>>> print(open('target-v5.cif').read())   # mmCIF, C-alpha atoms
data_protein
#
loop_
_atom_site.label_atom_id
_atom_site.label_comp_id
_atom_site.auth_asym_id
_atom_site.auth_seq_id
_atom_site.Cartn_x
_atom_site.Cartn_y
_atom_site.Cartn_z
CA ALA O 236 240.12 150.60 272.58
CA ARG O 237 243.22 148.59 273.45
CA GLU O 238 242.08 145.55 271.48
CA ASN O 239 241.13 147.71 268.49
CA LEU O 240 244.70 148.99 268.37
CA ARG O 241 246.06 145.47 268.77
CA ASN O 242 243.84 144.23 265.93
CA ALA O 243 244.96 147.14 263.74
CA LEU O 244 248.62 146.21 264.22
CA GLU O 245 247.89 142.55 263.52
CA ALA O 246 245.94 143.45 260.38
CA LEU O 247 248.81 145.64 259.18
CA GLU O 248 251.33 142.83 259.68
CA LEU O 249 249.03 140.36 257.91
CA LEU O 250 248.66 142.73 254.97
CA LYS O 251 252.43 143.28 254.78
CA LYS O 252 252.98 139.52 254.64
CA HIS O 253 250.34 138.58 252.08
CA GLU O 254 249.68 141.77 250.05
CA PRO O 255 252.73 144.04 250.37
CA ALA O 256 251.75 146.28 247.44
CA ALA O 257 248.24 146.85 248.81
CA CYS O 258 249.74 147.45 252.24
CA GLN O 259 252.05 150.14 250.90
CA GLN O 260 249.13 151.84 249.14
CA LEU O 261 247.19 151.85 252.40
CA ILE O 262 250.13 153.27 254.35
CA GLU O 263 250.52 156.08 251.83
CA LYS O 264 246.79 156.80 251.76
CA LEU O 265 246.58 157.04 255.56
CA GLY O 266 249.92 158.79 255.99
CA LEU O 267 250.88 156.06 258.44
CA THR O 268 254.38 156.27 259.91
CA GLY O 269 256.55 153.86 261.84
CA ASP O 270 256.53 156.23 264.80
CA GLU O 271 252.74 156.05 264.92
CA THR O 272 252.59 152.25 265.03
CA VAL O 273 255.29 152.22 267.73
CA TYR O 274 253.06 154.60 269.68
CA TRP O 275 250.10 152.26 269.23
CA GLN O 276 252.15 149.47 270.80
CA ARG O 277 253.10 151.72 273.72
CA ILE O 278 249.40 152.43 274.33
CA ILE O 279 248.59 148.71 274.20
CA ASP O 280 251.34 147.86 276.68
CA ASN O 281 250.47 150.67 279.10
CA MET O 282 246.69 150.91 278.96
CA TYR O 283 245.46 151.28 282.55
CA PHE O 284 242.35 149.56 283.88
CA PRO O 285 241.00 150.54 287.32
CA TYR O 286 240.65 147.55 289.64
CA ASP O 287 238.98 147.29 293.02
CA GLU O 288 240.83 144.80 295.22
CA LYS O 289 237.98 144.39 297.70
CA ARG O 290 235.29 143.42 295.18
CA GLN O 291 237.84 142.16 292.62
CA VAL O 292 236.04 143.97 289.82
CA TYR O 293 236.84 146.57 287.17
CA PRO O 294 234.97 149.80 288.03
CA LEU O 295 234.31 152.43 285.38
CA ASP O 296 236.99 154.79 286.71
CA ASP O 297 239.27 155.41 289.70
CA GLY O 298 236.60 157.25 291.68
CA PHE O 299 233.65 154.99 290.97
CA MET O 300 233.78 153.01 294.24
CA MET O 301 234.06 156.22 296.29
CA ARG O 302 230.73 157.58 295.06
CA LYS O 303 227.42 157.19 296.84
CA PRO O 304 225.59 153.93 296.17
CA TRP O 305 222.56 154.63 294.02
CA ASP O 306 219.26 154.66 295.94
CA ASP O 307 216.46 154.28 293.43
CA SER O 308 213.76 154.70 296.10
CA LYS O 309 214.58 158.42 296.45
CA ILE O 310 213.60 159.15 292.86
CA ALA O 311 209.97 159.47 291.82
CA PRO O 312 208.95 156.54 289.58
CA GLU O 313 207.98 158.84 286.71
CA LYS O 314 211.50 160.32 286.72
CA ARG O 315 213.54 157.13 286.99
CA HIS O 316 213.30 156.22 283.35
CA LEU O 317 214.68 159.52 282.06
CA LEU O 318 217.14 160.20 284.86
CA TYR O 319 219.59 162.09 282.67
CA GLU O 320 216.80 164.30 281.35
CA ASN O 321 215.37 165.07 284.81
CA PHE O 322 218.50 165.62 286.90
CA HIS O 323 221.58 167.77 286.57
CA PRO O 324 224.71 165.88 285.47
CA LEU O 325 226.51 166.94 288.67
CA PHE O 326 223.90 165.01 290.64
CA VAL O 327 224.09 161.97 288.37
CA TYR O 328 227.90 161.86 288.32
CA ARG O 329 228.09 161.82 292.11
CA GLN O 330 226.24 158.50 292.23
CA ARG O 331 227.64 155.01 291.82
CA MET O 332 225.62 154.14 288.75
CA SER O 333 226.05 153.17 285.14
CA LYS O 334 223.54 154.10 282.45
CA GLN O 335 224.04 151.00 280.30
CA ALA O 336 226.18 147.96 279.54
CA ASP O 337 229.66 149.41 279.02
CA ALA O 338 232.23 147.36 280.93
CA ILE O 339 229.92 144.39 280.40
CA LEU O 340 230.00 144.99 276.64
CA GLY O 341 233.79 144.86 276.70
CA MET O 342 233.70 141.61 278.66
CA TYR O 343 231.29 140.07 276.19
CA LEU O 344 233.34 141.11 273.16
CA HIS O 345 236.61 139.97 274.77
CA SER O 346 235.38 137.23 277.08
CA ASN O 347 238.41 135.14 276.13
CA LEU O 348 240.55 137.50 278.25
CA PHE O 349 238.64 136.65 281.47
CA THR O 350 237.95 133.56 283.55
CA GLU O 351 234.35 132.57 284.15
CA GLU O 352 234.73 133.57 287.80
CA GLU O 353 235.94 137.05 286.79
CA LEU O 354 233.00 137.42 284.43
CA LYS O 355 230.58 136.41 287.21
CA ARG O 356 232.03 138.87 289.73
CA ASN O 357 231.88 141.77 287.31
CA TYR O 358 228.42 140.83 286.03
CA ASP O 359 227.08 140.65 289.60
CA PHE O 360 228.65 144.02 290.43
CA TYR O 361 227.25 145.79 287.37
CA GLN O 362 223.85 144.26 288.03
CA GLU O 363 223.83 146.39 291.18
CA VAL O 364 224.72 149.71 289.54
CA THR O 365 223.33 149.60 285.98
CA LEU O 366 220.11 151.48 285.20
CA HIS O 367 219.58 150.09 281.65
CA HIS O 368 218.49 153.52 280.42
CA SER O 369 219.73 152.60 276.97
CA SER O 370 217.93 150.26 274.59
CA LEU O 371 221.35 148.69 273.89
CA SER O 372 221.85 147.45 277.45
CA THR O 373 219.58 144.50 278.22
CA CYS O 374 220.63 142.44 275.20
CA ILE O 375 224.31 142.70 276.21
CA PHE O 376 223.64 141.72 279.82
CA GLY O 377 221.62 138.77 278.55
CA ILE O 378 224.46 137.55 276.35
CA LEU O 379 226.96 137.58 279.20
CA ALA O 380 224.38 136.03 281.56
CA CYS O 381 224.25 133.02 279.22
CA GLU O 382 228.01 132.67 279.23
CA ILE O 383 228.16 132.42 283.02
CA GLY O 384 225.14 130.14 283.34
CA TYR O 385 222.56 132.67 284.58
CA TYR O 386 219.98 131.36 282.13
CA GLU O 387 216.79 132.64 283.79
CA GLU O 388 218.20 136.18 283.93
CA ALA O 389 219.37 135.81 280.34
CA TYR O 390 215.86 134.92 279.18
CA THR O 391 214.35 137.83 281.10
CA TYR O 392 216.80 140.22 279.44
CA PHE O 393 216.06 138.64 276.05
CA THR O 394 212.31 139.19 276.42
CA GLN O 395 212.89 142.80 277.46
CA SER O 396 214.99 143.35 274.34
CA ALA O 397 212.55 141.53 272.06
CA ARG O 398 209.56 143.50 273.37
CA MET O 399 211.33 146.86 273.68
CA ASP O 400 209.09 148.61 271.16
CA LEU O 401 206.05 146.36 271.48
CA ASP O 402 205.68 147.32 275.15
CA ASP O 403 207.35 150.74 274.77
CA TYR O 404 209.69 150.09 277.71
CA HIS O 405 211.48 153.41 277.27
CA ASN O 406 208.40 155.53 276.60
CA ASN O 407 209.90 156.84 273.38
CA PHE O 408 208.50 154.63 270.64
CA TYR O 409 206.78 157.72 269.26
CA ALA O 410 210.22 158.80 267.99
CA GLY O 411 210.78 155.58 266.01
CA ILE O 412 211.85 151.98 266.42
CA HIS O 413 215.03 150.89 268.21
CA ALA O 414 216.72 149.29 265.19
CA ALA O 415 220.05 148.63 266.94
CA ASN O 416 218.22 146.88 269.77
CA MET O 417 216.60 144.61 267.19
CA ALA O 418 220.10 143.58 266.10
CA GLY O 419 220.95 143.11 269.78
CA THR O 420 217.96 140.78 270.13
CA TRP O 421 219.35 138.68 267.26
CA GLN O 422 222.74 138.67 269.01
CA ALA O 423 221.03 137.58 272.23
CA ILE O 424 220.02 134.37 270.42
CA VAL O 425 223.19 133.76 268.39
CA ASN O 426 225.87 135.00 270.79
CA GLY O 427 223.78 134.45 273.91
CA PHE O 428 221.72 131.25 273.76
CA ALA O 429 223.90 129.62 271.07
CA GLY O 430 227.09 130.89 272.72
CA LEU O 431 228.78 131.77 269.43
CA ARG O 432 232.24 133.33 269.80
CA THR O 433 235.26 133.90 267.58
CA ASN O 434 237.35 136.03 269.96
CA ALA O 435 239.72 133.17 270.88
CA GLY O 436 240.82 132.79 267.25
CA CYS O 437 238.34 130.09 266.17
CA LEU O 438 234.61 129.57 265.82
CA GLU O 439 233.04 128.25 269.05
CA LEU O 440 229.47 127.44 270.06
CA HIS O 441 228.00 126.49 273.43
CA PRO O 442 224.27 126.10 272.70
CA TYR O 443 221.55 126.48 275.29
CA LEU O 444 217.85 125.86 274.66
CA PRO O 445 215.46 127.95 276.79
CA SER O 446 212.82 125.79 278.47
CA GLN O 447 210.12 127.96 276.86
CA TRP O 448 211.26 126.99 273.34
CA LYS O 449 211.24 123.84 271.23
CA GLY O 450 214.18 125.04 269.17
CA TYR O 451 215.74 127.79 267.08
CA THR O 452 217.72 127.97 263.83
CA PHE O 453 219.97 130.60 262.29
CA LYS O 454 222.57 130.95 259.58
CA ILE O 455 225.98 132.62 259.70
CA ASN O 456 228.74 133.41 257.24
CA TYR O 457 232.16 132.41 258.59
CA GLN O 458 235.33 132.99 256.57
CA GLY O 459 233.36 132.89 253.33
CA SER O 460 231.31 129.79 254.15
CA ARG O 461 227.65 129.63 255.14
CA LEU O 462 226.63 127.47 258.08
CA GLU O 463 223.17 126.59 259.35
CA VAL O 464 222.94 126.07 263.12
CA SER O 465 219.85 124.32 264.50
CA VAL O 466 219.39 123.89 268.26
CA LYS O 467 216.54 121.60 269.31
CA GLU O 468 215.52 119.41 272.22
CA ASP O 469 217.42 116.42 270.79
CA GLY O 470 220.66 118.38 270.34
CA THR O 471 222.51 120.72 268.00
CA GLN O 472 223.01 120.24 264.26
CA ILE O 473 225.44 122.27 262.15
CA THR O 474 225.38 122.05 258.35
CA LEU O 475 227.90 123.44 255.86
CA GLU O 476 225.48 124.84 253.29
CA GLN O 477 227.93 126.64 251.04
CA GLY O 478 231.64 127.34 250.78
CA ASN O 479 234.92 125.77 251.74
CA ALA O 480 235.76 123.44 254.62
CA VAL O 481 235.17 124.81 258.12
CA SER O 482 236.57 123.79 261.51
CA PHE O 483 234.91 124.79 264.79
CA LYS O 484 234.34 123.80 268.40
CA LEU O 485 230.94 122.68 269.66
CA ASN O 486 230.79 122.41 273.45
CA ASN O 487 234.63 122.28 273.48
CA THR O 488 234.77 119.35 271.03
CA GLU O 489 236.51 120.03 267.72
CA TYR O 490 234.70 119.25 264.46
CA HIS O 491 235.49 119.63 260.76
CA LEU O 492 233.04 119.95 257.89
CA ALA O 493 234.94 119.14 254.70
CA LYS O 494 232.41 119.82 251.94
CA GLU O 495 229.02 121.31 251.22
CA GLY O 496 226.23 119.24 252.73
CA ASP O 497 228.35 117.81 255.55
CA ILE O 498 226.56 117.73 258.91
CA VAL O 499 227.58 117.52 262.56
CA HIS O 500 224.98 116.51 265.13
CA GLU O 501 225.69 116.52 268.83
CA SER O 502 223.03 115.37 271.28
CA LYS O 503 224.40 117.48 274.14
CA THR O 504 222.31 120.61 274.72
CA ILE O 505 222.21 122.57 277.98
#
>>> encode(input="target-v5.cif", output="structure tokens")
Amino acid sequence: ARENLRNALEALELLKKHEPAACQQLIEKLGLTGDETVYWQRIIDNMYFPYDEKRQVYPLDDGFMMRKPWDDSKIAPEKRHLLYENFHPLFVYRQRMSKQADAILGMYLHSNLFTEEELKRNYDFYQEVTLHHSSLSTCIFGILACEIGYYEEAYTYFTQSARMDLDDYHNNFYAGIHAANMAGTWQAIVNGFAGLRTNAGCLELHPYLPSQWKGYTFKINYQGSRLEVSVKEDGTQITLEQGNAVSFKLNNTEYHLAKEGDIVHESKTI
């Protein structure tokens, strides 16, 4: 929420600078006032995040660490999957548990705000308390697992996401496919195994090739240009297929593709 507000302010300033007429039209359409944008900045500056000094993690709220640790063994196996449908909310909310990837989602989307050690501590903590009762959970955990080097866990989470409907993990395929999870499975490859990020202000990739695979290839559109990324046993190749020049980082090394057809090949693959 904080970063959405920050991005909104940055977008407004960018629009003022480059398209002042369009910016004024937008301000009038939205009824946006100077007082409101000042308030946004106040929220950004004062947003509070709970923090547990002992575990050095960000719990979901101030009372999270005071609740009872979740004991899965006390719940009948047939009821574990649909916990929220089988138990009263007052029971659920008294437990130290999380239904799905929530804090972990924030740390994936804004991983540039955290050190790798912070990401590991929080990932390990939420591994203990997350039930993954949402189809949108395993793909996100897998993406962050890749970033911190937990590759075996990442691949396990990927397979769970990829086979969500094939194996009916949530016992609800009768109601329809999990379309958002399918997108999450794609993200698990692109943002997870390939390590694609743009949250630090530039395009970055840190490719990893699972031992079970010989390679994978995908295409992305970045700032109006189309890139093909191919990760194989002999390294990573990035091709500018269409569009203007593109700069990016591959395993922390900066590269520049000047024209269509230009290729970068790096033999380093994790």
>>> residues_around(input="target-v5.cif", residues="Val464 (chain O)", least_positions_apart="5", cutoff="6 Å", atoms="all atoms listed in the file", output="list of chain:residue names")
O:Thr452, O:Phe453, O:Gln472, O:Ile473
>>> atom_distance(input="target-v5.cif", atom1="CA of Arg331 (chain O)", atom2="CA of Tyr286 (chain O)")
15.2 Å
>>> atom_distance(input="target-v5.cif", atom1="CA of Asp469 (chain O)", atom2="CA of Glu351 (chain O)")
26.9 Å
>>> resolve_selection(input="target-v5.cif", expression="the PyMOL selection byres ((chain O and resi 421-438) around 7)", output="list in words")
His345, Asn347, Cys374, Gly377, Ile378, Leu379, Cys381, Glu382, Phe393, Met417, Ala418, Gly419, Thr420, Glu439, Leu440, His441, Pro442, Tyr443, Leu444, Phe483 and Lys484 of chain O
>>> atom_distance(input="target-v5.cif", atom1="CA of Met332 (chain O)", atom2="CA of Asn406 (chain O)")
21.1 Å
>>> residues_around(input="target-v5.cif", residues="Lys355 (chain O)", least_positions_apart="6", cutoff="12 Å", atoms="all atoms listed in the file", output="count of residues only")
19
>>> resolve_selection(input="target-v5.cif", expression="the PyMOL selection byres ((chain O and resi 285) around 8)", output="mmCIF file with C-alpha atoms, in the coordinates of the input")
data_model
loop_
_atom_site.group_PDB
_atom_site.id
_atom_site.type_symbol
_atom_site.label_atom_id
_atom_site.label_comp_id
_atom_site.auth_asym_id
_atom_site.auth_seq_id
_atom_site.Cartn_x
_atom_site.Cartn_y
_atom_site.Cartn_z
ATOM 1 C CA TYR O 283 245.460 151.280 282.550
ATOM 2 C CA PHE O 284 242.350 149.560 283.880
ATOM 3 C CA TYR O 286 240.650 147.550 289.640
ATOM 4 C CA ASP O 287 238.980 147.290 293.020
ATOM 5 C CA TYR O 293 236.840 146.570 287.170
ATOM 6 C CA PRO O 294 234.970 149.800 288.030
ATOM 7 C CA LEU O 295 234.310 152.430 285.380
ATOM 8 C CA ASP O 296 236.990 154.790 286.710
ATOM 9 C CA ASP O 297 239.270 155.410 289.700
#
>>> closest_residue(input="target-v5.cif", among="O:Ser396, O:Asp402, O:Leu267, O:Gln330", to="Gly298 (chain O)", atoms="only C-alpha atoms")
O:Gln330
>>> resolve_selection(input="target-v5.cif", expression="the PyMOL selection byres ((chain O and resi 488-494) around 10)", output="list in words")
Leu438, Glu439, Leu440, Leu462, Ile473, Thr474, Leu475, Glu476, Gln477, Gly478, Asn479, Ala480, Val481, Ser482, Phe483, Lys484, Leu485, Asn486, Asn487, Glu495, Gly496, Asp497, Ile498, Val499 and Glu501 of chain O
>>> write_last_selection(input="target-v5.cif", atoms="C-alpha atoms", output="compact mmCIF listing (two decimals), in the frame of the given file")
# COMPACT_ATOMS: atom_id res chain seq x y z
CA LEU O 438 234.61 129.57 265.82
CA GLU O 439 233.04 128.25 269.05
CA LEU O 440 229.47 127.44 270.06
CA LEU O 462 226.63 127.47 258.08
CA ILE O 473 225.44 122.27 262.15
CA THR O 474 225.38 122.05 258.35
CA LEU O 475 227.90 123.44 255.86
CA GLU O 476 225.48 124.84 253.29
CA GLN O 477 227.93 126.64 251.04
CA GLY O 478 231.64 127.34 250.78
CA ASN O 479 234.92 125.77 251.74
CA ALA O 480 235.76 123.44 254.62
CA VAL O 481 235.17 124.81 258.12
CA SER O 482 236.57 123.79 261.51
CA PHE O 483 234.91 124.79 264.79
CA LYS O 484 234.34 123.80 268.40
CA LEU O 485 230.94 122.68 269.66
CA ASN O 486 230.79 122.41 273.45
CA ASN O 487 234.63 122.28 273.48
CA GLU O 495 229.02 121.31 251.22
CA GLY O 496 226.23 119.24 252.73
CA ASP O 497 228.35 117.81 255.55
CA ILE O 498 226.56 117.73 258.91
CA VAL O 499 227.58 117.52 262.56
CA GLU O 501 225.69 116.52 268.83
>>> closest_residue(input="target-v5.cif", among="O:Glu254, O:Glu313, O:Asp280, O:Glu263", to="Glu238 (chain O)", atoms="all atoms listed in the file")
O:Asp280
>>> residues_around(input="target-v5.cif", residues="Gly470 (chain O)", least_positions_apart="2", cutoff="6 Å", atoms="all atoms listed in the file", output="ChimeraX atom specification")
/O:467-468,501-504
>>> closest_residue(input="target-v5.cif", among="O:Thr272, O:Ser333, O:Thr471, O:Ser370", to="Met300 (chain O)", atoms="all atoms listed in the file")
O:Ser333
>>> residues_around(input="target-v5.cif", residues="Ala236 (chain O)", least_positions_apart="3", cutoff="10 Å", atoms="only C-alpha atoms", output="VMD selection string")
chain O and resid 239 to 242 278 to 279 282 341
